[in-house]
Structures are given as structure tokens and as C-alpha cells.
Amino acid sequence: MHKIWLIIKREFRTRVRKKSFLILTLLIPLFFAGTIIIPILIAVKGEDSKRIAVIDESKLFIGKLPDAKGIYFKPLELVKIDTFKQKYQEYGYAGVLYIPDIDINRPSGIEYYSKGRASIMLESNLNRQVNDVIEKKRMEIAGIDRQKLDEVKSDVKIDFRSGDEETKGSSAVAYAVGYSSGFIIYIILMVFGMSVMRGVMEEKVSRIAEVMISSVKPFQLMMGKIVGIAGVGLLQFLIWGVLLMTIQMLLPLFLSADTVHTINQGGAMAQNANNAAMADAMEKINFIVGSINWSLLISCFIFYFLGGYLFYSALFAAVGSLVNEDPNDVQSLTFPITLPIIIGIMVMISAVQNPNSALAVWGSIIPFTSPMVMMARLPYGVPGTVAYWELALSMIFLVAGFLLTTWLAGKIYRTGILMYGKKITLKEAAKWIVRKG
Amino acid sequence: MNLLEVQHLKKYYATHKAVDDISFDIPRGSIFGLLGPNGAGKTTLLRMITGIFYPDEGNILFNGRPFNPQEDIHSIGYMPEERGLYKKMKVGEQALYLAQLKGLSEKEAREKVKHWFNKFDMNTWWNKKVEELSKGMQQKVQFISTILHNPSLLILDEPFSGLDPLNANLIKQEIFDLSQAGTTIIFSTHRMEQVEEICDRILLVNKGRKLLEGQVQEVKQTFKQHLFRIGVGAVPNFAQMATHHFTIIKQHDHAYTVKLNEDSSTNDILMHFIRQDIPVTHFEEILPTLNEIFITQVQKTEEYA
């Protein structure tokens, strides 16, 4: 036991001390945060303020285009579009919106001129505003009261309740949570499994394996590496957890400062819109947080992360022990292991859409795919979607599965790690499993 | 008293017999040469002695008791032919790590490593990564990490490969010193001149079988060809050399290589020269080198196969 602890310590330390560990640990959440925060920032802050010249020959739009989100409309009279579109930039305009004298029933020929392509935000903004004005005008003509219409419009949401306890839930939320946790498990299996394999290969190629084996049992060496790398993964999650909590605490400060900023810049309307959006978002977040049993989900995530990792990493270690100097071997030898993982992610994608299908149920029980597929099904609710017996069976199978793969891998590993020069096929390796001694 | 006794050891693989009924004893404190061509089964034999492989049949007695890999591994230092170090690890840490895996406490390991680094003048290497060292330097680190835990049995597989003559000498001296201090050493190689210089006893294996075993001098005696070299002061004429006691194998400038005929003795050769009044300057027996014995013995087994 003492020796395996020494090995775990070494595997853990050498990885954690590397600069790349710190960089990766910080970069990955930054990347994810970036993909989430940047669109929000863009949406909240809007684009740089723009002045847009409006040449309105129909006289329908005068005073009807409100400034918003950094777009300022400046109606111009007595200018001709043909000449003005050559020189609007000299006057400091970002673009020209040209509205010809249109027939209100068949409006056409409305154009927008700018130097570069207009952004998708601006495009939808202009379209919406122009259509809004035309709609209002048509209602006026048809004699429809706008206020009445708004009152008549319905905005009801059905509460979806599931299971005996009638937990409120949204399948969209379950979908998002299930999909992302299944996907994270997939990435963990691949990245950490490969890391174990590379570690074993390094030991074999640098010829330290036999020196080590003369001091420790091959199984100790293999398990030490697997556990050491699992430790690295757990530390990474811990760091991310702390980061996430810090961000959660700091985010409100950051957001409110931003709102103040918008108030100063935009008009009263923008402020109201933002506040309404914020309130709506907060309500949604509360709904999401409330609709999922987080403590169950997180403990299951840790279980399936560790179980899946142990299940596959032993196999990756066995493959690493078969590889010789030729890197081409790696591809052909890892294929039988990566294949079930890839099948797993495919079943997961289907299961997250249809968590009660036979494919999803069995995929979440068979240990080759269960870490990914079960994580996709769990957010839909236990025991609503996932019965207790399914969860228990899946967990028992996974534990039994990793005991079995570790045992098998140990047999291949201890022979493979001492074989040099010769290319080993999987068929030969399979024979080592049944061989005695 | 024997430190190691190997009795009828067998290890068969699907396609061949790697070790086929080999027995030998190694007396405590001796330097034992394990010889054989490539693929003779030396490595398999050593892996069984170090507990890496289990023998299919046969016994290994270590210190008079049945070999127990779990415990006895701490009394063994093994430097395999396929050896290496963690390339990205610092030299000092690496030595400490390997020593601790041999059962030393961290404190003991640190003392030992410091002692040996001092002795081999390697203190400045402590914080270097292994990959920054030359091949010879790495070999020295490797050697030290093999002997850090004071093994009572030291197994060296081709210890001098990759070493320049200076460092080879340093290691050789260390091997002698360890032997003097009571360490039993198994020395596996196919460099015969080193064996003659270093080993007390040898075991020659080929194709998994024992070809011969014994004291180096005994073995040489066993395989001697009864050849003698005799130096002369004056070159004799052809008639003077006619005798039934010996046959001339080769004539040099002022010397002859002769083969003693049956029923004759060395004194008969000398007597002949004296009778002929040819002044003898020197007279010696030519013993076969281990290299010659090795080649003839190995070839003999190849022919049978």
C-alpha cells in the first residue's frame, strides 16, 4: 500500500506541477465563460452607437422610429438618395435607410445603404422597427385598436409536472443539463483515458518500466497511475467549482454596474427593456434551479465520472502497454476502446431527446455507455424518468465492470509493458488474459 | 554458503522454451557471470530471479529460504538491459523515488542519495532533468539508483554498455568494492574480456539450457587444448625439431606454438629443447580465452539443434 501511494504521489505531482496544467485549468473555464458571457454582453450593451440617416419619401415614418440600443435615427428632408448615398459617411452617418413613397398595402423598395455589411443585430432591428410602423399604420386604417389587440393576445405557459411528487420541470432545462453533463463525461473519458495511455507509453518507451517492475508489482504501477491521474481530474473540478462560486458571487456586482452604464447611455425605454429582460432571466434561472434535484445530480455525476473513468482508463493503460515506438500502433490499438465511447455519446444524444426509449434505458445500464447515457437521463427526474432499480442496476454494473476491466487490463499490462520491439496484436494480448501465471 | 540456489527452473512460452531446466548456485559474495548469446534465455532467467516472472517449474532459494518476491525484492538491485529513467523528472527526485520504492524511508533515501551523489561527483546534477544529461551520465544515475538500498544481491545486465572507458572503470571499481563488502553480484553480458576480468564463476546458457558452469579458471582448464608457447634464443634447424612429444602448430620468429602429444608431459618438451641445446627464453601454457570457449560451445549446441 505504501508503494502504490508513492506512485500516486509521483503521478499526481508531475502532472500538477507542469505549467500546462495551470494554463489548461484556467483556460477551459475562460473559454466556456467566453462562449456564454460574450453574447450576453453584446446583447446588453448593444453595438457601438450609430447614427442612421433616414430619407423618408413616404412620410409614414416621421417620428415613428424610436432610438434604441445605440441606434439613433436622424430623419433628413430635402436630400436625394442618389447623391446622399455617395457622401453620408462625410456627415458622420453609419448608414442610410431609404424609404420610397410606398403603397401601404404593398410596401417594397425599402433599402439600407452602408459601407460594410450590416450586422445581423442591426438587420433584425431595422426590419422589426419598419414592420412595426407599417403594422400600426395598417391597424389604424383598418380601425383596430392596438391596446385592445394587446389585451386579447394570450401568453400562457403550461406547467409540466412529472412523477408522483409532481415535480415541476421543463424538458428544455433537463435537455440542456443532461446534454452538457453527458458531454462533459465523454470529454473526461477521452482526455483522461488518453492521459493514462500516454503515461504508460512513456514508461514503456523510455524503458523505465522494467526498472519499476523490479521494485513494485505491475498492478500497483498501473493502479498508481490511474488513481494519480484521477486525482488530477478531481483537483481540476475542485478549482472549477471554486471559480464558479467566486464568479457567481461577483456576477451581480458586475451586472448591476453594467445596467447603470446602459441607463446613462440609452434612453428610458432601453432601461425598461433591460430590466424586464433581467427579471425574466432571473425568474427562468430560479425555475431551472428549482426544477432539478441538484444534490442527486452532482453526486451521480461524481459517481459516473469516477466509475466511467476507472472502467475505461484501465483499458487505456492496457493499450498503452501494447504500443511500441511506432505511433501508428496507437490509432489501431485504441480504436476498440474509443469505439464504445463514441457509440456512448451517440446513444447519449438520442437519450437526451427521448429518455424513456429502450435504447436510452439499456444504454444507461450497460457499463460501456452508462456513464454518458445515465447522465443524460438523470435530469429528467428520479424516480420519474429513471426508475430506482435502473439507477441501482446501472451503478452495480459499472462497479462490477470496472473491477473486471481493471483485472483484465492488469493481465495484459504486466506482459505488454515488458515486450519490446515486437508488434503486438490485440489477438495476442487476448491470449495473455487466459494464460496462467 | 550460497546466497542463491536455482533448482530445475523452467519457463515455457507457447512457441519456445525460454528456460529449460536450469540449476546453479551462487556463493555469497561472489561475482557470477551469466553468459549466453542473444535470445539464450538470460533475461527470462533474471526476471524469474527478480520476481518479475513466476517460473513454470523449479525452485529458487534466496538466503536458504524459498524466494519470496514481496520481501526479497528489497534485497535485490536489478539493472535490466532495457533500462531507462523518467526523462522529465529531476535527477535527485528520481533517485529518491526509486530508493523509496525499494523500501527506504524518505530520510534514509535522502541520506543515501546524497552519499552516492557526493562519491560520484554528481551533486550539481540534482535539479537537472534526466533528458538534459548525456547517455553516460544517465547510466551513472541508473547504476546509483540500483545500489542505493544496499542490496545483498546485485544483478547487472550489460552494465557497461554506453559508458566511456573512464566511467566504465569507475563502475568496475565500484563493483569490486561492493563485492569486497559482501555483495553478491550477477553480471550478465556477452563481452567475454570483461567476464574474465571481473567474474569468479560463470554460467553459460544457450537455447534455455545450461552449457557449462564453474570457476573461471576451472572452465579454462577443462577446455584447454594442451597448447604451449616456447621462446627460443636461437632459431633451430628443421632436424632439431623432430620429436614424438609435441607437434608444431605455428612457428613465430623466435617462438613456437606447440601441441603436447598424448602420453607426453610438459617436461618432455623442455627436455627436448635442452637436449638439442636450444636456449629457452620462456615457456607457458596457452589456455583458451572464454571467448573461444563461448564460441565453440555455442556453435556445438547450434549444430545439434
# chains A, B, ... in the order shown; residues from 1 in each chain; ligands from 1
$ residues_around --residues "range 233-250 of chain B" --least-positions-apart "2" --cutoff "9 Å" --atoms "only C-alpha atoms" --output "list in words"
Leu227, Gly231, His252, Asp253, His254, Ala255, Tyr256, Thr257, Val258, Lys259, Leu260, Asn261, Glu262, Asp263, Ser264, Ser265, Thr266, Asp268, Ile269, His272, Phe273, Gln276, Ile278, Pro279, Val280 and Thr281 of chain B
$ write_last_selection --atoms "C-alpha atoms" --output "PDB file, in the first residue's frame"
ATOM      1  CA  LEU B 227      48.938 -25.812 -26.293  1.00  0.00           C
ATOM      2  CA  GLY B 231      60.516 -18.934 -26.789  1.00  0.00           C
ATOM      3  CA  HIS B 252      56.920 -17.453 -34.941  1.00  0.00           C
ATOM      4  CA  ASP B 253      60.184 -15.521 -35.212  1.00  0.00           C
ATOM      5  CA  HIS B 254      61.775 -16.663 -32.001  1.00  0.00           C
ATOM      6  CA  ALA B 255      58.973 -18.808 -30.647  1.00  0.00           C
ATOM      7  CA  TYR B 256      56.835 -21.856 -31.356  1.00  0.00           C
ATOM      8  CA  THR B 257      53.268 -22.756 -30.537  1.00  0.00           C
ATOM      9  CA  VAL B 258      53.234 -26.477 -29.930  1.00  0.00           C
ATOM     10  CA  LYS B 259      50.629 -29.052 -29.049  1.00  0.00           C
ATOM     11  CA  LEU B 260      51.569 -31.641 -26.475  1.00  0.00           C
ATOM     12  CA  ASN B 261      51.106 -35.160 -27.777  1.00  0.00           C
ATOM     13  CA  GLU B 262      49.409 -37.816 -25.749  1.00  0.00           C
ATOM     14  CA  ASP B 263      51.476 -39.647 -23.150  1.00  0.00           C
ATOM     15  CA  SER B 264      53.948 -36.783 -23.051  1.00  0.00           C
ATOM     16  CA  SER B 265      54.411 -34.192 -20.334  1.00  0.00           C
ATOM     17  CA  THR B 266      55.397 -30.562 -20.346  1.00  0.00           C
ATOM     18  CA  ASP B 268      59.294 -33.687 -22.168  1.00  0.00           C
ATOM     19  CA  ILE B 269      59.005 -30.553 -24.295  1.00  0.00           C
ATOM     20  CA  HIS B 272      63.812 -31.873 -25.856  1.00  0.00           C
ATOM     21  CA  PHE B 273      64.932 -28.281 -26.276  1.00  0.00           C
ATOM     22  CA  GLN B 276      69.138 -30.092 -28.593  1.00  0.00           C
ATOM     23  CA  ILE B 278      68.476 -24.669 -27.947  1.00  0.00           C
ATOM     24  CA  PRO B 279      68.346 -21.841 -25.357  1.00  0.00           C
ATOM     25  CA  VAL B 280      64.799 -21.452 -23.988  1.00  0.00           C
ATOM     26  CA  THR B 281      63.792 -17.857 -23.172  1.00  0.00           C
TER      27      THR B 281
END
$ interface_residues --of "chain A" --to "chain B" --cutoff "6 Å" --atoms "only C-alpha atoms" --output "PyMOL selection string"
chain A and resi 3+206-208+215
$ closest_residue --among "B:Met271, B:Val205, B:Ile49, B:Leu290" --to "Glu302 in chain B" --atoms "only C-alpha atoms"
B:Val205
$ closest_residue --among "A:Glu203, A:Asp132, A:Glu390, A:Asp329" --to "Leu418 in chain A" --atoms "only C-alpha atoms"
A:Glu203
$ atom_distance --atom1 "CA of Tyr309 in chain A" --atom2 "CA of Phe32 in chain A"
22.6 Å
$ residues_around --residues "Lys220 in chain B" --least-positions-apart "2" --cutoff "9 Å" --atoms "only C-alpha atoms" --output "ChimeraX atom specification"
/B:215-218,222-224,287-290,293
$ write_last_selection --atoms "N, CA and C atoms" --output "short mmCIF file (atom, residue, chain, number, x, y, z; two decimals), in the first residue's frame"
data_model
loop_
_atom_site.label_atom_id
_atom_site.label_comp_id
_atom_site.auth_asym_id
_atom_site.auth_seq_id
_atom_site.Cartn_x
_atom_site.Cartn_y
_atom_site.Cartn_z
N GLN B 215 34.04 -22.34 -11.90
CA GLN B 215 35.03 -21.27 -11.68
C GLN B 215 35.68 -20.94 -13.01
N VAL B 216 36.00 -19.69 -13.20
CA VAL B 216 36.57 -19.28 -14.47
C VAL B 216 37.83 -20.10 -14.79
N GLN B 217 38.72 -20.26 -13.79
CA GLN B 217 39.96 -21.00 -14.05
C GLN B 217 39.70 -22.48 -14.34
N GLU B 218 38.75 -23.06 -13.59
CA GLU B 218 38.38 -24.46 -13.83
C GLU B 218 37.90 -24.66 -15.25
N THR B 222 39.32 -27.04 -18.11
CA THR B 222 38.53 -28.11 -18.73
C THR B 222 38.62 -28.07 -20.25
N PHE B 223 38.64 -26.86 -20.78
CA PHE B 223 38.59 -26.76 -22.24
C PHE B 223 39.94 -26.48 -22.87
N LYS B 224 41.03 -26.73 -22.09
CA LYS B 224 42.34 -26.39 -22.66
C LYS B 224 42.70 -27.38 -23.76
N LEU B 287 46.06 -21.09 -22.41
CA LEU B 287 44.71 -21.51 -22.04
C LEU B 287 43.73 -20.84 -22.99
N PRO B 288 42.64 -21.52 -23.29
CA PRO B 288 41.68 -20.88 -24.19
C PRO B 288 41.07 -19.66 -23.52
N THR B 289 40.73 -18.63 -24.27
CA THR B 289 40.01 -17.49 -23.70
C THR B 289 38.55 -17.91 -23.56
N LEU B 290 37.83 -17.22 -22.67
CA LEU B 290 36.41 -17.52 -22.51
C LEU B 290 35.67 -17.30 -23.82
N ILE B 293 35.97 -20.40 -25.82
CA ILE B 293 35.11 -21.44 -25.25
C ILE B 293 33.65 -21.14 -25.56
#
$ select_by_dssp --residues "range 100-303 of chain B" --states "alpha helix (DSSP H)" --output "number ranges by chain"
B: 100-101, 106-119, 135-147, 165-180, 192-198, 216-222, 266-275, 290-303
$ closest_residue --among "B:Gly182, B:Pro66, B:Gly208, B:Gly39" --to "Asn150 in chain B" --atoms "only C-alpha atoms"
B:Gly182
